[in-house]
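Here's work11.txt, which has compact mmCIF, C-alpha atoms:
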```
# COMPACT_ATOMS: atom_id res chain seq x y z
CA MET A 1 -0.97 -18.07 -18.17
CA THR A 2 -1.64 -15.42 -20.80
CA PHE A 3 -1.65 -11.73 -19.96
CA GLU A 4 -5.40 -11.56 -20.55
CA GLU A 5 -6.01 -14.45 -18.11
CA TYR A 6 -3.80 -12.81 -15.53
CA VAL A 7 -5.59 -9.46 -15.78
CA SER A 8 -9.05 -11.02 -15.63
CA SER A 9 -8.16 -13.06 -12.54
CA ARG A 10 -5.91 -10.58 -10.68
CA GLY A 11 -7.02 -7.19 -12.02
CA PRO A 12 -9.57 -6.38 -9.28
CA ALA A 13 -7.06 -7.34 -6.56
CA LEU A 14 -4.42 -5.09 -8.15
CA VAL A 15 -6.84 -2.16 -8.26
CA ARG A 16 -7.71 -2.81 -4.59
CA LEU A 17 -4.01 -2.85 -3.67
CA ALA A 18 -3.47 0.39 -5.60
CA ARG A 19 -6.49 1.94 -3.86
CA LEU A 20 -5.05 1.07 -0.48
CA LEU A 21 -1.63 2.42 -1.43
CA THR A 22 -2.89 5.69 -2.91
CA GLY A 23 -6.05 6.37 -0.93
CA ASP A 24 -7.79 7.52 -4.11
CA ALA A 25 -9.98 5.32 -6.32
CA HIS A 26 -9.35 7.25 -9.55
CA ARG A 27 -5.61 7.45 -9.04
CA ALA A 28 -5.58 3.72 -8.19
CA GLU A 29 -7.24 2.86 -11.49
CA ASP A 30 -4.77 5.04 -13.40
CA LEU A 31 -1.80 3.57 -11.55
CA THR A 32 -2.98 0.00 -12.16
CA GLN A 33 -3.59 0.71 -15.83
CA ASP A 34 -0.10 2.20 -16.24
CA VAL A 35 1.52 -0.76 -14.49
CA LEU A 36 -0.44 -3.32 -16.51
CA ALA A 37 0.50 -1.51 -19.73
CA ARG A 38 4.17 -1.79 -18.80
CA ALA A 39 3.73 -5.41 -17.68
CA TYR A 40 2.11 -6.27 -21.02
CA LEU A 41 5.25 -5.21 -22.87
CA HIS A 42 7.36 -7.64 -20.81
CA TRP A 43 4.76 -10.31 -20.11
CA ARG A 44 6.75 -13.22 -21.58
CA SER A 45 9.61 -12.71 -19.14
CA ILE A 46 7.26 -11.89 -16.23
CA ALA A 47 5.19 -15.04 -16.84
CA ARG A 48 8.35 -17.17 -16.73
CA THR A 49 9.09 -16.12 -13.14
CA ASP A 50 8.01 -18.37 -10.29
CA ARG A 51 5.50 -15.83 -8.99
CA PRO A 52 4.40 -13.27 -11.58
CA ASP A 53 1.95 -11.74 -9.09
CA VAL A 54 4.81 -10.75 -6.79
CA TYR A 55 6.56 -9.10 -9.73
CA VAL A 56 3.48 -7.11 -10.79
CA ARG A 57 2.73 -6.09 -7.21
CA ARG A 58 6.30 -4.83 -6.91
CA MET A 59 5.78 -2.82 -10.10
CA LEU A 60 2.63 -1.32 -8.56
CA VAL A 61 4.33 -0.38 -5.28
CA ASN A 62 7.31 1.13 -7.13
CA ALA A 63 5.07 3.07 -9.53
CA ASN A 64 3.17 4.53 -6.59
CA ARG A 65 6.40 5.54 -4.88
CA SER A 66 7.72 7.14 -8.09
CA TRP A 67 4.53 9.15 -8.50
CA TRP A 68 4.82 10.56 -4.98
CA ARG A 69 8.45 11.56 -5.52
CA ARG A 70 7.45 14.15 -8.11
CA ARG A 71 7.00 17.51 -6.40
CA SER A 72 4.01 18.42 -8.53
CA ASN A 73 2.04 15.53 -7.03
CA ARG A 74 2.22 16.62 -3.40
CA GLU A 75 -1.07 17.33 -1.70
CA LEU A 76 -1.55 19.76 1.15
CA VAL A 77 -2.58 18.07 4.37
CA VAL A 78 -5.15 19.79 6.56
CA ASP A 79 -5.19 19.19 10.32
CA GLY A 80 -8.90 19.73 10.89
CA PHE A 81 -10.64 16.75 12.51
CA VAL A 82 -14.34 16.55 13.13
CA GLU A 83 -15.62 15.62 16.57
CA ARG A 84 -15.79 11.89 17.18
CA ALA A 85 -19.21 10.31 17.44
CA GLY A 86 -20.08 7.74 20.11
CA ARG A 87 -19.26 4.02 19.82
CA GLY A 88 -21.84 1.74 18.24
CA ASP A 89 -22.75 4.55 15.88
CA LEU A 90 -22.02 3.59 12.28
CA GLY A 91 -21.14 7.17 11.45
CA GLY A 92 -18.70 7.27 14.35
CA GLU A 93 -17.04 4.02 13.28
CA ALA A 94 -16.74 5.29 9.72
CA ALA A 95 -15.22 8.52 11.06
CA ASP A 96 -12.68 6.50 13.07
CA ARG A 97 -11.72 4.46 10.00
CA ASP A 98 -11.46 7.66 7.98
CA GLU A 99 -9.18 9.23 10.58
CA LEU A 100 -7.01 6.10 10.63
CA TRP A 101 -6.70 6.16 6.83
CA ARG A 102 -5.67 9.80 6.89
CA LEU A 103 -2.89 8.82 9.32
CA ILE A 104 -1.87 5.81 7.21
CA LEU A 105 -1.66 7.98 4.10
CA ARG A 106 0.79 10.26 5.93
CA LEU A 107 3.21 7.39 6.63
CA PRO A 108 6.35 7.08 4.51
CA ASP A 109 5.77 5.04 1.34
CA ARG A 110 7.53 1.88 2.50
CA GLN A 111 5.77 1.81 5.88
CA ARG A 112 2.38 2.33 4.23
CA ALA A 113 3.14 -0.37 1.65
CA VAL A 114 4.12 -2.85 4.39
CA LEU A 115 0.90 -2.22 6.34
CA VAL A 116 -1.25 -2.55 3.23
CA LEU A 117 0.47 -5.71 2.03
CA ARG A 118 0.44 -7.28 5.50
CA TYR A 119 -3.00 -6.37 6.83
CA TYR A 120 -5.08 -5.86 3.68
CA GLU A 121 -3.45 -8.24 1.24
CA ASP A 122 -2.70 -10.74 4.05
CA LEU A 123 0.81 -11.50 2.80
CA ASP A 124 3.62 -12.93 4.90
CA ASP A 125 6.86 -11.06 5.57
CA ALA A 126 8.86 -13.09 3.05
CA THR A 127 6.45 -12.27 0.20
CA ILE A 128 6.31 -8.62 1.20
CA ALA A 129 10.12 -8.57 1.23
CA GLN A 130 10.12 -9.94 -2.33
CA ILE A 131 7.63 -7.30 -3.48
CA LEU A 132 9.53 -4.44 -1.82
CA ASP A 133 12.93 -5.89 -2.71
CA CYS A 134 14.23 -5.88 0.86
CA SER A 135 14.80 -8.36 3.68
CA PRO A 136 12.04 -9.77 5.94
CA VAL A 137 13.75 -8.01 8.87
CA THR A 138 13.33 -4.68 7.06
CA VAL A 139 9.64 -5.49 6.52
CA ARG A 140 9.18 -6.14 10.25
CA THR A 141 11.05 -2.93 11.11
CA HIS A 142 8.85 -0.86 8.79
CA ALA A 143 5.73 -2.46 10.28
CA MET A 144 6.91 -1.85 13.84
CA ARG A 145 7.71 1.80 13.15
CA ALA A 146 4.46 2.40 11.28
CA LEU A 147 2.34 0.85 14.03
CA ALA A 148 4.23 2.75 16.72
CA HIS A 149 3.61 6.00 14.85
CA LEU A 150 -0.10 5.22 14.45
CA ARG A 151 -0.43 4.29 18.12
CA GLU A 152 1.26 7.52 19.13
CA ARG A 153 -0.95 9.66 16.87
CA LEU A 154 -4.11 7.90 18.06
CA GLY A 155 -3.11 8.08 21.73
CA VAL A 156 -3.12 4.30 22.17
CA PRO A 157 -0.90 3.22 25.08
CA THR A 158 1.96 0.91 24.19
CA THR A 159 2.44 -2.43 25.90
CA ASN A 160 5.25 -3.05 28.40
CA GLY A 161 8.59 -3.61 26.76
CA SER A 162 7.76 -2.11 23.39
CA ARG A 163 9.60 0.90 22.06
CA SER A 164 8.23 3.76 20.02
```
Could you write out this structure as structure tokens?
Amino acid sequence: MTFEEYVSSRGPALVRLARLLTGDAHRAEDLTQDVLARAYLHWRSIARTDRPDVYVRRMLVNANRSWWRRRSNRELVVDGFVERAGRGDLGGEAADRDELWRLILRLPDRQRAVLVLRYYEDLDDATIAQILDCSPVTVRTHAMRALAHLRERLGVPTTNGSRS
């Protein structure tokens, strides 16, 4: 597969992944463009791997993490929530999703990446472990901790036997 074929087939999915990781459409496009520019330089060796998509996704996750490490890129978080609208109301459901995304964006990078790769990219633990360069057990631990944190922040009761 040539680089051009890869970008035309996987480009929109990479931008979507970046959007979910960053929470910002413009930053996601910039991040994806930067990663694809770097991937282009090494495309021959990337294309020879068994799964070039895993490699490029890893580059995207790592580039996002590197961007957040720079102090100048920190955003100030505001704790002002609007009142929740009633169920069945499209505005209320959108507000709930918005609140959940604000909480997801506050998670540590690895936990957020695991949730995005698992629930939005629909990848299994082994593939996520390859992308994040860790073990499947670490992936499950990050997911468990992230979900426990979200449940706690949203006031969702935990099931019997689970820890938070």
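If you look at atom CA of Leu147 of chain A and atom CA of Val35 of chain A, they are 28.6 Å away from each other.
Comparing A:Asp133, A:Met1, A:Asp50, A:Leu17 by their smallest distance to Tyr120 of chain A, the closest is A:Leu17 (using only C-alpha atoms).
Separating atom CA of Arg51 of chain A from atom CA of Asp30 of chain A is a distance of 23.7 Å.
Interatomic distance, atom CA of Thr141 of chain A to atom CA of Arg97 of chain A: 24.0 Å.
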All residues 8 Å or closer to Arg58 of chain A, only C-alpha atoms, same chain fewer than 4 positions away omitted, as a PyMOL selection string = chain A and resi 54+62+130-133
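Compared by their closest atoms to His149 of chain A, and using only C-alpha atoms, the residues A:Asn64, A:Ser45, A:Thr22, A:Gln111 rank with A:Gln111 nearest.
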request  = List every protein, DNA or RNA residue that has an atom no more than 12 Å from (9.6, -4.8, 10.7) in the file's coordinate frame, counting all atoms listed in the file, and report them as a ChimeraX atom specification.
outcome  = /A:110-111,113-115,118,124-126,128-129,134-148
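Between Val7 of chain A and the residues A:Arg48, A:Val56, A:Ala25, A:Glu152, the shortest atom-to-atom distance, using all atoms listed in the file, involves A:Val56.
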Top pick for closest residue to Leu60 of chain A, considering A:Arg44, A:Arg16, A:His26, A:Ser8 and counting only C-alpha atoms = A:Arg16
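Minimum distance to Arg27 of chain A across A:Leu41, A:Ala13, A:Leu103, A:Ala63 (counting all atoms listed in the file) occurs at A:Ala63.
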inquiry  = Nearest residue to Leu123 of chain A out of A:Ala47, A:Glu5, A:Arg57, A:Ala95, using only C-alpha atoms?
reply    = A:Arg57
